[in-house]
$ cat entry33.cif   # mmCIF, C-alpha atoms and all ligand atoms
data_upload
#
loop_
_atom_site.label_atom_id
_atom_site.label_comp_id
_atom_site.auth_asym_id
_atom_site.auth_seq_id
_atom_site.Cartn_x
_atom_site.Cartn_y
_atom_site.Cartn_z
CA MET O 281 12.77 63.77 -32.72
CA LYS O 282 15.08 65.59 -35.15
CA ILE O 283 16.15 62.93 -37.66
CA THR O 284 18.66 63.14 -40.47
CA PHE O 285 19.68 60.71 -43.21
CA PRO O 286 22.49 60.49 -45.78
CA HIS O 287 22.23 62.38 -49.05
CA MET O 288 21.84 60.43 -52.26
CA GLY O 289 20.72 62.44 -55.29
CA THR O 290 17.22 63.84 -54.96
CA SER O 291 16.14 61.32 -52.31
CA TYR O 292 16.23 64.02 -49.62
CA ILE O 293 12.98 65.39 -51.09
CA PRO O 294 10.79 62.32 -50.40
CA PHE O 295 12.63 61.45 -47.17
CA ARG O 296 11.99 64.92 -45.79
CA ALA O 297 8.27 64.53 -46.62
CA LEU O 298 8.15 61.06 -45.11
CA LEU O 299 9.74 61.95 -41.79
CA ASN O 300 7.75 65.16 -41.39
CA GLY O 301 4.57 63.26 -42.30
CA LEU O 302 5.33 60.69 -39.61
CA GLY O 303 5.42 63.43 -37.01
CA GLN O 304 9.21 63.74 -36.80
CA GLN O 305 11.33 66.72 -37.70
CA ALA O 306 13.51 66.00 -40.73
CA VAL O 307 16.93 67.64 -40.61
CA VAL O 308 18.30 67.64 -44.14
CA ALA O 309 22.08 68.01 -44.16
CA PRO O 310 23.49 70.62 -46.57
CA LYS O 311 24.03 69.16 -50.04
CA CYS O 312 27.34 67.32 -50.41
CA THR O 313 30.31 69.61 -50.93
CA GLN O 314 34.08 69.45 -50.59
CA ARG O 315 33.62 70.17 -46.89
CA THR O 316 31.35 67.13 -46.49
CA LEU O 317 33.98 64.97 -48.14
CA GLU O 318 36.79 66.42 -46.03
CA LEU O 319 34.86 65.81 -42.81
CA GLY O 320 34.13 62.24 -43.85
CA THR O 321 37.67 61.39 -44.90
CA ARG O 322 39.05 62.91 -41.71
CA TYR O 323 37.21 60.44 -39.50
CA ALA O 324 36.47 57.34 -41.64
CA PRO O 325 39.07 54.60 -42.18
CA GLU O 326 41.08 55.24 -45.33
CA SER O 327 40.11 51.88 -46.85
CA ALA O 328 36.37 52.44 -46.38
CA CYS O 329 34.43 52.97 -49.57
CA LEU O 330 33.63 56.52 -50.61
CA PRO O 331 29.87 56.52 -49.82
CA LEU O 332 30.59 55.66 -46.17
CA LYS O 333 32.97 58.60 -45.89
CA ILE O 334 30.53 61.05 -47.43
CA ASN O 335 27.73 59.76 -45.20
CA ILE O 336 29.89 60.57 -42.16
CA GLY O 337 30.35 64.09 -43.52
CA ASN O 338 26.55 64.39 -43.96
CA TYR O 339 25.94 63.29 -40.36
CA LEU O 340 28.44 65.75 -38.94
CA GLU O 341 26.94 68.61 -40.92
CA ALA O 342 23.44 67.53 -39.87
CA ALA O 343 24.58 67.37 -36.23
CA GLU O 344 25.67 71.00 -36.54
CA ALA O 345 22.12 71.75 -37.73
CA GLY O 346 20.66 70.09 -34.64
CA ALA O 347 19.99 66.48 -35.68
CA GLU O 348 19.49 64.01 -32.82
CA ALA O 349 19.16 60.75 -34.74
CA ILE O 350 20.16 59.19 -38.05
CA LEU O 351 18.00 57.05 -40.29
CA MET O 352 20.12 54.59 -42.25
CA ALA O 353 19.40 51.53 -44.37
CA GLY O 354 20.92 48.17 -43.52
CA GLY O 355 21.68 45.44 -46.00
CA ILE O 356 22.47 41.82 -46.62
CA GLY O 357 24.74 40.16 -49.12
CA PRO O 358 28.42 39.86 -49.86
CA CYS O 359 29.41 43.51 -49.63
CA ARG O 360 30.24 46.00 -46.91
CA PHE O 361 26.95 47.87 -47.04
CA GLY O 362 25.40 45.64 -44.38
CA PHE O 363 27.97 46.95 -41.86
CA TYR O 364 27.77 50.59 -42.88
CA GLY O 365 25.36 51.77 -40.21
CA TYR O 366 27.19 49.96 -37.41
CA VAL O 367 30.63 51.15 -38.49
CA GLN O 368 29.34 54.70 -38.82
CA GLN O 369 27.82 54.47 -35.35
CA GLU O 370 31.22 53.45 -33.93
CA ILE O 371 33.02 56.25 -35.80
CA LEU O 372 30.61 58.87 -34.45
CA ARG O 373 30.92 57.44 -30.95
CA ASP O 374 34.72 57.58 -31.15
CA ILE O 375 34.67 61.28 -32.00
CA GLY O 376 32.13 62.04 -29.29
CA ILE O 377 29.09 62.75 -31.48
CA ASP O 378 26.00 61.54 -29.73
CA LEU O 379 23.47 60.67 -32.44
CA GLU O 380 21.05 57.78 -32.18
CA MET O 381 21.37 55.45 -35.17
CA ILE O 382 18.17 53.87 -36.49
CA ILE O 383 19.17 51.16 -38.95
CA LEU O 384 16.35 49.75 -41.06
CA GLU O 385 17.29 46.24 -42.10
CA PRO O 386 15.61 44.96 -45.30
CA PRO O 387 12.36 43.03 -44.70
CA ALA O 388 14.03 39.88 -46.07
CA THR O 389 15.93 39.64 -42.74
CA GLY O 390 12.66 39.44 -40.80
CA TRP O 391 9.77 41.71 -39.92
CA GLY O 392 10.15 41.90 -36.13
CA ASP O 393 13.10 44.29 -35.94
CA LEU O 394 11.78 46.33 -38.86
CA TRP O 395 8.40 46.94 -37.17
CA LYS O 396 10.17 47.96 -33.98
CA LYS O 397 12.29 50.53 -35.85
CA LEU O 398 9.35 51.77 -37.89
CA SER O 399 7.30 52.34 -34.75
CA LEU O 400 10.23 54.35 -33.36
CA LEU O 401 9.94 56.56 -36.41
CA THR O 402 6.19 57.04 -36.16
CA ASN O 403 4.97 59.84 -33.98
CA VAL O 404 1.38 60.18 -35.17
CA ASN O 405 -1.76 58.70 -33.69
CA ARG O 406 -3.89 57.80 -36.67
CA PRO O 407 -2.93 55.08 -39.20
CA GLN O 408 -4.31 57.34 -41.97
CA GLN O 409 -1.51 59.80 -41.24
CA VAL O 410 1.05 57.08 -41.82
CA VAL O 411 -0.62 56.13 -45.09
CA GLN O 412 -0.72 59.79 -46.15
CA ALA O 413 2.98 60.23 -45.36
CA LEU O 414 3.87 57.11 -47.35
CA ARG O 415 1.72 58.18 -50.31
CA LEU O 416 3.22 61.66 -50.37
CA ALA O 417 6.79 60.34 -50.15
CA TRP O 418 6.14 57.79 -52.89
CA ALA O 419 4.61 60.46 -55.18
CA LYS O 420 7.74 62.56 -54.63
CA PHE O 421 10.09 59.63 -55.33
CA VAL O 422 8.34 58.87 -58.61
CA GLY O 423 7.95 62.56 -59.56
CA CYS O 424 11.65 63.35 -59.04
CA ASP O 425 12.69 60.32 -61.08
CA ARG O 426 10.31 61.17 -63.93
CA LEU O 427 11.65 64.69 -64.24
CA GLU O 428 15.27 63.59 -64.02
CA GLN O 429 14.65 60.97 -66.69
CA LEU O 430 13.07 63.50 -69.02
CA SER O 431 15.89 65.99 -68.41
CA LEU O 432 18.42 63.45 -69.69
CA ARG O 433 16.73 63.47 -73.09
CA VAL O 434 16.07 67.20 -73.25
CA ARG O 435 19.58 68.22 -72.14
CA ALA O 436 21.29 66.36 -74.97
CA CYS O 437 19.76 68.75 -77.52
CA GLU O 438 19.28 71.92 -75.47
CA ALA O 439 19.80 75.12 -77.44
CA ARG O 440 21.07 77.08 -74.43
CA GLN O 441 23.64 75.30 -72.27
CA GLY O 442 22.54 74.77 -68.67
CA ILE O 443 18.87 75.68 -69.18
CA THR O 444 17.64 72.09 -68.69
CA THR O 445 19.45 71.80 -65.38
CA ARG O 446 18.02 75.12 -64.22
CA ILE O 447 14.43 74.16 -65.11
CA LEU O 448 14.91 70.73 -63.53
CA GLU O 449 16.15 72.27 -60.28
CA GLN O 450 13.19 74.66 -60.16
CA SER O 451 10.76 71.80 -60.76
CA LEU O 452 12.40 69.65 -58.07
CA GLU O 453 12.08 72.54 -55.65
CA ARG O 454 8.33 72.73 -56.36
CA ILE O 455 8.06 69.00 -55.64
CA ASP O 456 10.00 69.52 -52.41
CA THR O 457 7.61 72.20 -51.17
CA ALA O 458 4.42 70.35 -52.22
CA HIS O 459 2.25 69.46 -49.22
CA ASN O 460 0.04 66.80 -50.77
CA VAL O 461 -0.09 64.35 -53.65
CA LEU O 462 -2.23 66.71 -55.74
CA GLN O 463 0.39 69.44 -55.49
CA VAL O 464 3.14 66.96 -56.37
CA THR O 465 1.21 65.85 -59.46
CA LYS O 466 0.76 69.48 -60.48
CA ALA O 467 4.47 70.22 -59.97
CA VAL O 468 5.47 67.19 -62.03
CA LYS O 469 3.09 68.12 -64.86
CA GLU O 470 4.41 71.68 -64.92
CA GLY O 471 7.99 70.42 -64.90
CA ILE O 472 7.32 68.05 -67.81
CA LYS O 473 5.65 70.84 -69.77
CA GLU O 474 8.50 73.29 -69.16
CA LEU O 475 11.19 70.76 -70.03
CA ASN O 476 9.38 69.70 -73.18
CA SER O 477 9.02 73.29 -74.35
CA LEU O 478 12.73 74.16 -74.07
CA PRO O 479 14.27 75.19 -77.41
CA GLN O 480 16.25 72.36 -79.00
CA GLN O 481 18.99 71.99 -81.63
CA PRO O 482 17.30 69.62 -84.06
CA ASP O 483 20.42 68.94 -86.16
CA ARG O 484 22.80 68.15 -83.28
CA LEU O 485 24.63 64.83 -83.44
CA VAL O 486 23.26 63.08 -80.37
CA LEU O 487 25.23 60.14 -79.01
CA GLU O 488 23.65 57.64 -76.64
CA VAL O 489 25.45 56.30 -73.60
CA GLY O 490 24.30 53.80 -70.95
CA LEU O 491 25.29 54.64 -67.38
CA VAL O 492 25.86 51.66 -65.09
CA GLY O 493 27.59 51.09 -61.78
CA GLU O 494 27.32 51.33 -58.04
CA ILE O 495 24.06 52.98 -57.02
CA TYR O 496 25.50 55.77 -54.86
CA THR O 497 27.98 56.92 -57.48
CA VAL O 498 25.30 56.74 -60.17
CA LEU O 499 22.75 58.77 -58.18
CA GLU O 500 24.80 61.33 -56.24
CA PRO O 501 25.92 64.17 -58.54
CA PHE O 502 28.60 65.48 -56.15
CA VAL O 503 30.35 62.12 -56.19
CA ASN O 504 30.06 61.52 -59.93
CA PHE O 505 31.11 65.08 -60.79
CA ARG O 506 27.69 65.83 -62.28
CA LEU O 507 28.41 63.21 -64.91
CA GLU O 508 24.96 63.27 -66.48
CA GLU O 509 24.99 67.03 -66.83
CA GLN O 510 28.49 67.04 -68.31
CA LEU O 511 27.62 64.34 -70.84
CA GLY O 512 24.26 65.94 -71.67
CA GLU O 513 25.92 69.27 -72.37
CA MET O 514 28.34 67.48 -74.72
CA GLY O 515 25.32 66.26 -76.71
CA VAL O 516 25.04 62.82 -75.12
CA LEU O 517 21.71 61.25 -74.22
CA VAL O 518 22.37 59.29 -71.04
CA HIS O 519 20.30 56.16 -70.36
CA ARG O 520 20.26 54.69 -66.90
CA ASN O 521 18.27 51.89 -65.35
CA ILE O 522 18.94 52.69 -61.70
CA TRP O 523 16.34 54.96 -60.12
CA PHE O 524 15.56 55.43 -56.45
CA SER O 525 11.87 54.64 -56.93
CA THR O 526 12.58 51.35 -58.73
CA TRP O 527 15.23 50.47 -56.14
CA ILE O 528 12.62 50.89 -53.39
CA LEU O 529 10.06 48.91 -55.34
CA HIS O 530 12.40 45.97 -55.96
CA HIS O 531 14.59 45.93 -52.87
CA ILE O 532 12.06 46.85 -50.22
CA VAL O 533 8.47 46.36 -51.38
CA LEU O 534 8.80 43.31 -53.66
CA SER O 535 11.61 41.70 -51.68
CA ALA O 536 9.39 41.90 -48.59
CA PHE O 537 7.05 39.53 -50.37
CA ARG O 538 9.94 37.57 -51.88
CA ALA O 539 8.80 38.66 -55.32
CA ARG O 540 11.80 40.69 -56.42
CA GLN O 541 11.96 40.70 -60.20
CA THR O 542 15.58 39.80 -60.84
CA ALA O 543 15.14 36.72 -63.00
CA HIS O 544 15.36 38.65 -66.26
CA LEU O 545 18.51 40.50 -65.10
CA CYS O 546 20.12 37.18 -64.14
CA ARG O 547 19.29 35.82 -67.59
CA LEU O 548 20.88 38.83 -69.29
CA ALA O 549 24.05 38.65 -67.20
CA GLU O 550 24.31 34.87 -67.25
CA PRO O 551 26.73 34.38 -70.15
CA TYR O 552 29.21 36.61 -68.30
CA LEU O 553 28.32 36.42 -64.62
CA ASN O 554 26.01 33.80 -63.23
CA HIS O 555 25.54 34.68 -59.58
CA PHE O 556 24.80 37.56 -57.24
CA VAL O 557 27.99 39.38 -56.19
CA GLY O 558 26.48 41.98 -53.87
CA GLY O 559 25.51 45.61 -54.47
CA HIS O 560 24.69 46.27 -58.12
CA GLY O 561 27.50 44.19 -59.64
CA LEU O 562 25.17 41.79 -61.43
CA GLU O 563 22.88 44.63 -62.53
CA SER O 564 25.86 46.49 -64.02
CA VAL O 565 26.59 43.52 -66.26
CA ALA O 566 22.92 42.90 -67.10
CA HIS O 567 22.24 46.57 -67.85
CA THR O 568 25.33 46.76 -70.08
CA VAL O 569 23.96 43.80 -72.06
CA GLN O 570 20.57 45.54 -72.22
CA PHE O 571 22.13 48.76 -73.46
CA GLY O 572 24.25 46.80 -75.92
CA ARG O 573 21.10 45.28 -77.38
CA MET O 574 19.48 48.72 -77.57
CA GLY O 575 22.44 49.83 -79.64
CA VAL O 576 23.82 52.67 -77.52
CA ASP O 577 27.14 54.16 -78.62
CA GLY O 578 28.98 53.37 -75.39
CA ILE O 579 28.83 52.62 -71.68
CA VAL O 580 30.08 54.61 -68.72
CA HIS O 581 30.69 52.38 -65.71
CA ILE O 582 31.22 54.23 -62.43
CA LEU O 583 32.24 52.83 -59.06
CA PRO O 584 33.89 53.87 -55.81
CA PHE O 585 37.50 52.79 -55.33
CA THR O 586 37.59 49.31 -53.69
CA CYS O 587 33.90 48.59 -54.37
CA MET O 588 33.96 44.80 -54.47
CA PRO O 589 30.76 44.05 -56.47
CA GLU O 590 31.67 46.57 -59.14
CA ILE O 591 35.25 45.30 -59.36
CA VAL O 592 33.75 41.92 -60.25
CA ALA O 593 31.56 43.62 -62.86
CA GLN O 594 34.56 45.58 -64.16
CA SER O 595 36.50 42.36 -64.73
CA VAL O 596 33.63 40.98 -66.83
CA LEU O 597 32.68 44.07 -68.82
CA PRO O 598 35.52 43.73 -71.39
CA LEU O 599 33.82 40.51 -72.53
CA VAL O 600 30.47 42.28 -72.92
CA SER O 601 32.28 45.13 -74.65
CA GLU O 602 33.79 42.70 -77.13
CA GLY O 603 30.55 40.79 -77.65
CA TYR O 604 28.50 43.91 -78.42
CA GLN O 605 31.31 45.98 -79.99
CA LEU O 606 30.58 48.48 -77.28
CA PRO O 607 33.19 50.90 -75.89
CA VAL O 608 33.13 50.94 -72.10
CA LEU O 609 34.66 53.70 -70.00
CA THR O 610 35.21 52.66 -66.39
CA MET O 611 35.55 55.50 -63.90
CA VAL O 612 36.76 54.79 -60.37
CA VAL O 613 36.16 57.62 -57.94
CA ASP O 614 37.47 58.37 -54.47
CA GLU O 615 38.46 61.41 -52.43
CA HIS O 616 41.51 61.95 -54.66
CA SER O 617 39.52 62.17 -57.91
CA ALA O 618 39.62 65.58 -59.52
CA ALA O 619 37.08 67.33 -61.75
CA ALA O 620 39.65 68.10 -64.47
CA GLY O 621 40.71 64.45 -64.79
CA ILE O 622 37.12 63.26 -65.02
CA ARG O 623 36.31 65.94 -67.61
CA THR O 624 39.29 65.02 -69.77
CA ARG O 625 38.36 61.36 -69.79
CA LEU O 626 34.72 62.09 -70.62
CA GLU O 627 35.70 64.40 -73.48
CA ALA O 628 38.10 61.81 -74.90
CA PHE O 629 35.42 59.12 -74.64
CA VAL O 630 32.78 61.26 -76.32
CA ASP O 631 35.28 62.10 -79.11
CA LEU O 632 35.88 58.41 -79.65
CA LEU O 633 32.15 57.69 -79.82
CA ALA O 634 31.52 60.59 -82.19
CA ASN O 635 34.31 59.43 -84.52
CA ARG O 636 32.92 55.92 -84.53
CA ARG O 637 29.51 57.27 -85.40
CA ARG O 638 30.87 59.48 -88.20
CA MET O 639 32.94 56.66 -89.65
CA GLY O 640 29.89 54.43 -89.69
CA GLU O 641 31.38 51.96 -87.21
CA HIS O 642 28.31 52.24 -85.08
CA LYS O 643 24.69 51.90 -86.09
CA LEU O 644 22.00 52.72 -83.57
CA ARG O 645 19.72 49.76 -83.32
CA HIS O 646 16.76 49.30 -81.07
CA GLY O 647 15.85 45.70 -80.44
CA GLU O 648 17.94 42.57 -80.33
CA SER O 649 21.65 42.48 -80.91
CA ASN O 650 22.65 42.28 -84.57
CA ILE O 651 26.37 42.75 -84.55
CA ASP O 652 28.16 43.60 -87.77
CA LEU O 653 30.30 46.40 -86.45
CA VAL O 654 34.01 46.95 -86.39
CA SER O 655 35.44 46.01 -83.00
CA VAL O 656 36.35 49.02 -80.91
CA GLY O 657 36.27 47.61 -77.36
CA LEU O 658 37.69 50.09 -74.88
CA THR O 659 37.77 49.72 -71.17
CA GLY O 660 39.61 52.09 -68.95
CA ASP O 661 40.40 52.27 -65.30
CA ARG O 662 41.90 54.91 -63.13
S1 LIG O 701 28.37 48.38 -53.09
FE1 LIG O 701 30.52 48.97 -53.14
S2 LIG O 701 30.56 51.07 -52.39
FE2 LIG O 701 28.60 50.20 -51.79
S3 LIG O 701 29.00 49.37 -49.76
FE3 LIG O 701 29.31 47.69 -51.17
S4 LIG O 701 31.51 47.74 -51.56
FE4 LIG O 701 31.00 49.72 -50.66
#

$ encode --input "entry33.cif" --output "structure tokens" --more "lines below"
Ligand code: SF4
Amino acid sequence: MKITFPHMGTSYIPFRALLNGLGQQAVVAPKCTQRTLELGTRYAPESACLPLKINIGNYLEAAEAGAEAILMAGGIGPCRFGFYGYVQQEILRDIGIDLEMIILEPPATGWGDLWKKLSLLTNVNRPQQVVQALRLAWAKFVGCDRLEQLSLRVRACEARQGITTRILEQSLERIDTAHNVLQVTKAVKEGIKELNSLPQQPDRLVLEVGLVGEIYTVLEPFVNFRLEEQLGEMGVLVHRNIWFSTWILHHIVLSAFRARQTAHLCRLAEPYLNHFVGGHGLESVAHTVQFGRMGVDGIVHILPFTCMPEIVAQSVLPLVSEGYQLPVLTMVVDEHSAAAGIRTRLEAFVDLLANRRRMGEHKLRHGESNIDLVSVGLTGDR
């Protein structure tokens, strides 16, 4: 069966390996572009959140490339994600696109349905082939995340603008074409070596920013206007705690055994938000506290317009900002957001952080919070 799936950052690399390894034919939609967005917004309800619209665009572009089925994650909790797959199925049906939708509900909802769907996806005879496919996909998930993480540090001091992104893209391509775990390991090692050997500007003023927010907008560069690249090229080291591999580990593997490690995040968020609000709302608050304790210069909080869990987080972040003397820039994106507006706001934010640093209003501290800084709380919205 020719199966497609929505784009989200580099996740197409491991998903392609997984589906092909399971004996299916992965159809990877073209990377998200303005056309993808236009297709999605044409057919999705206006009030739907941005990721749903872009997913629709991905499916339509994949259908043009011959896809017959869609693999989509389900969800539970107080946000719209749990309905995504079903709503998308209806939208496609309404416009006469005949694609089978395979929705994988999280194991916490029960194993029966999940096994049924997984067996639909498996078209190989030997269990070893399934294990091999899973191992290869996992190696690619971890490899992509490791390289991306390293690139965030290297880019902030790169001597030639854009070189880190170019090397990263080449390394990711090598991971994509690797046929076994050994080749993935080799590609990752080469990528790390190349990134580490890029010429740096040792005397550059490097600011540190924590990136928090809704997972899709954090991970998908088309939607966040290549935020990490833009900040990196302005001399900002971006920290983020949301990675696809850790999301899988916590939300699928550990949650299947009811061992998801969220207790420490709940403790961090507790003074400001003391219950789960769906999506990554609680994580956004907890990670902001974490970054505040690390002593980063500021926080960028990104969310799709109307994203309920992140709106809850947004309403709480001014308190965290005040408590940790931490400027927070909130960026709300939808189909009307424009690159120039985003760029202007990022430049203004980085200017503010640089001035604070120069005036000694911010001291980088690693460890527990020790606040003796002048208050410069800043939150912005659209
Ligand atoms: S987390 Fe936000 S963007 Fe994602 S489905 Fe829920 S409401 Fe929509």

$ closest_residue --input "entry33.cif" --among "O:Gly442, O:Gly561, O:Pro607, O:Pro325" --to "ligand LIG 701 (chain O)" --atoms "only C-alpha atoms and all ligand atoms"
O:Gly561

$ residues_near_ligand --input "entry33.cif" --ligand "ligand LIG 701 (chain O)" --cutoff "10 Å" --atoms "only C-alpha atoms and all ligand atoms" --output "short mmCIF file (atom, residue, chain, number, x, y, z; two decimals) with C-alpha atoms, keeping the file's coordinate frame"
data_model
loop_
_atom_site.label_atom_id
_atom_site.label_comp_id
_atom_site.auth_asym_id
_atom_site.auth_seq_id
_atom_site.Cartn_x
_atom_site.Cartn_y
_atom_site.Cartn_z
CA ALA O 328 36.37 52.44 -46.38
CA CYS O 329 34.43 52.97 -49.57
CA LEU O 330 33.63 56.52 -50.61
CA PRO O 331 29.87 56.52 -49.82
CA LEU O 332 30.59 55.66 -46.17
CA GLY O 355 21.68 45.44 -46.00
CA GLY O 357 24.74 40.16 -49.12
CA PRO O 358 28.42 39.86 -49.86
CA CYS O 359 29.41 43.51 -49.63
CA ARG O 360 30.24 46.00 -46.91
CA PHE O 361 26.95 47.87 -47.04
CA GLY O 362 25.40 45.64 -44.38
CA PHE O 363 27.97 46.95 -41.86
CA TYR O 364 27.77 50.59 -42.88
CA GLY O 493 27.59 51.09 -61.78
CA GLU O 494 27.32 51.33 -58.04
CA ILE O 495 24.06 52.98 -57.02
CA TYR O 496 25.50 55.77 -54.86
CA THR O 497 27.98 56.92 -57.48
CA VAL O 557 27.99 39.38 -56.19
CA GLY O 558 26.48 41.98 -53.87
CA GLY O 559 25.51 45.61 -54.47
CA HIS O 560 24.69 46.27 -58.12
CA GLY O 561 27.50 44.19 -59.64
CA LEU O 583 32.24 52.83 -59.06
CA PRO O 584 33.89 53.87 -55.81
CA PHE O 585 37.50 52.79 -55.33
CA THR O 586 37.59 49.31 -53.69
CA CYS O 587 33.90 48.59 -54.37
CA MET O 588 33.96 44.80 -54.47
CA PRO O 589 30.76 44.05 -56.47
CA GLU O 590 31.67 46.57 -59.14
CA ILE O 591 35.25 45.30 -59.36
#

$ residues_around --input "entry33.cif" --residues "Gln450 (chain O)" --least-positions-apart "2" --cutoff "12 Å" --atoms "only C-alpha atoms" --output "ChimeraX atom specification"
/O:424,427-428,443-448,452-457,467-468,470-472,474-475

$ write_last_selection --input "entry33.cif" --atoms "C-alpha atoms" --output "PDB file, in the coordinates of the input"
ATOM      1  CA  CYS O 424      11.650  63.350 -59.040  1.00  0.00           C
ATOM      2  CA  LEU O 427      11.650  64.690 -64.240  1.00  0.00           C
ATOM      3  CA  GLU O 428      15.270  63.590 -64.020  1.00  0.00           C
ATOM      4  CA  ILE O 443      18.870  75.680 -69.180  1.00  0.00           C
ATOM      5  CA  THR O 444      17.640  72.090 -68.690  1.00  0.00           C
ATOM      6  CA  THR O 445      19.450  71.800 -65.380  1.00  0.00           C
ATOM      7  CA  ARG O 446      18.020  75.120 -64.220  1.00  0.00           C
ATOM      8  CA  ILE O 447      14.430  74.160 -65.110  1.00  0.00           C
ATOM      9  CA  LEU O 448      14.910  70.730 -63.530  1.00  0.00           C
ATOM     10  CA  LEU O 452      12.400  69.650 -58.070  1.00  0.00           C
ATOM     11  CA  GLU O 453      12.080  72.540 -55.650  1.00  0.00           C
ATOM     12  CA  ARG O 454       8.330  72.730 -56.360  1.00  0.00           C
ATOM     13  CA  ILE O 455       8.060  69.000 -55.640  1.00  0.00           C
ATOM     14  CA  ASP O 456      10.000  69.520 -52.410  1.00  0.00           C
ATOM     15  CA  THR O 457       7.610  72.200 -51.170  1.00  0.00           C
ATOM     16  CA  ALA O 467       4.470  70.220 -59.970  1.00  0.00           C
ATOM     17  CA  VAL O 468       5.470  67.190 -62.030  1.00  0.00           C
ATOM     18  CA  GLU O 470       4.410  71.680 -64.920  1.00  0.00           C
ATOM     19  CA  GLY O 471       7.990  70.420 -64.900  1.00  0.00           C
ATOM     20  CA  ILE O 472       7.320  68.050 -67.810  1.00  0.00           C
ATOM     21  CA  GLU O 474       8.500  73.290 -69.160  1.00  0.00           C
ATOM     22  CA  LEU O 475      11.190  70.760 -70.030  1.00  0.00           C
TER      23      LEU O 475
END

$ closest_residue --input "entry33.cif" --among "O:Leu384, O:Thr465, O:Ala342, O:Pro310" --to "Ile532 (chain O)" --atoms "all atoms listed in the file"
O:Leu384

$ atom_distance --input "entry33.cif" --atom1 "CA of Arg315 (chain O)" --atom2 "CA of Arg373 (chain O)"
20.6 Å

$ closest_residue --input "entry33.cif" --among "O:Ile350, O:Leu632, O:Val492, O:Val434" --to "Ile382 (chain O)" --atoms "all atoms listed in the file"
O:Ile350

$ residues_around --input "entry33.cif" --residues "Val565 (chain O)" --least-positions-apart "4" --cutoff "10 Å" --atoms "only C-alpha atoms" --output "ChimeraX atom specification"
/O:492-493,545-546,548-553,560-561,569-571,581,590,592-594,596-597,600

$ closest_residue --input "entry33.cif" --among "O:His555, O:Arg415, O:Arg406, O:Lys397" --to "Phe295 (chain O)" --atoms "only C-alpha atoms"
O:Arg415

$ axis_aligned_box --input "entry33.cif" --around "region 309-320 of chain O" --padding-each-side "5 Å" --output "lines of an AutoDock Vina configuration file"
center_x = 29.4
center_y = 66.4
center_z = -46.9
size_x = 24.7
size_y = 18.4
size_z = 18.1

$ atom_distance --input "entry33.cif" --atom1 "CA of Ala417 (chain O)" --atom2 "CA of Tyr292 (chain O)"
10.1 Å

$ closest_residue --input "entry33.cif" --among "O:Val422, O:Cys437, O:Leu430, O:Val608" --to "Trp527 (chain O)" --atoms "all atoms listed in the file"
O:Val422

$ closest_residue --input "entry33.cif" --among "O:His519, O:Arg623, O:Lys333, O:Arg484" --to "Glu438 (chain O)" --atoms "all atoms listed in the file"
O:Arg484

$ atom_distance --input "entry33.cif" --atom1 "CA of Ile356 (chain O)" --atom2 "CA of Glu385 (chain O)"
8.2 Å

$ residues_around --input "entry33.cif" --residues "Gly346 (chain O)" --least-positions-apart "6" --cutoff "12 Å" --atoms "only C-alpha atoms" --output "JSON, numbers by chain"
{"O": [281, 282, 283, 284, 305, 306, 307, 308, 309, 339, 340, 377, 378, 379]}
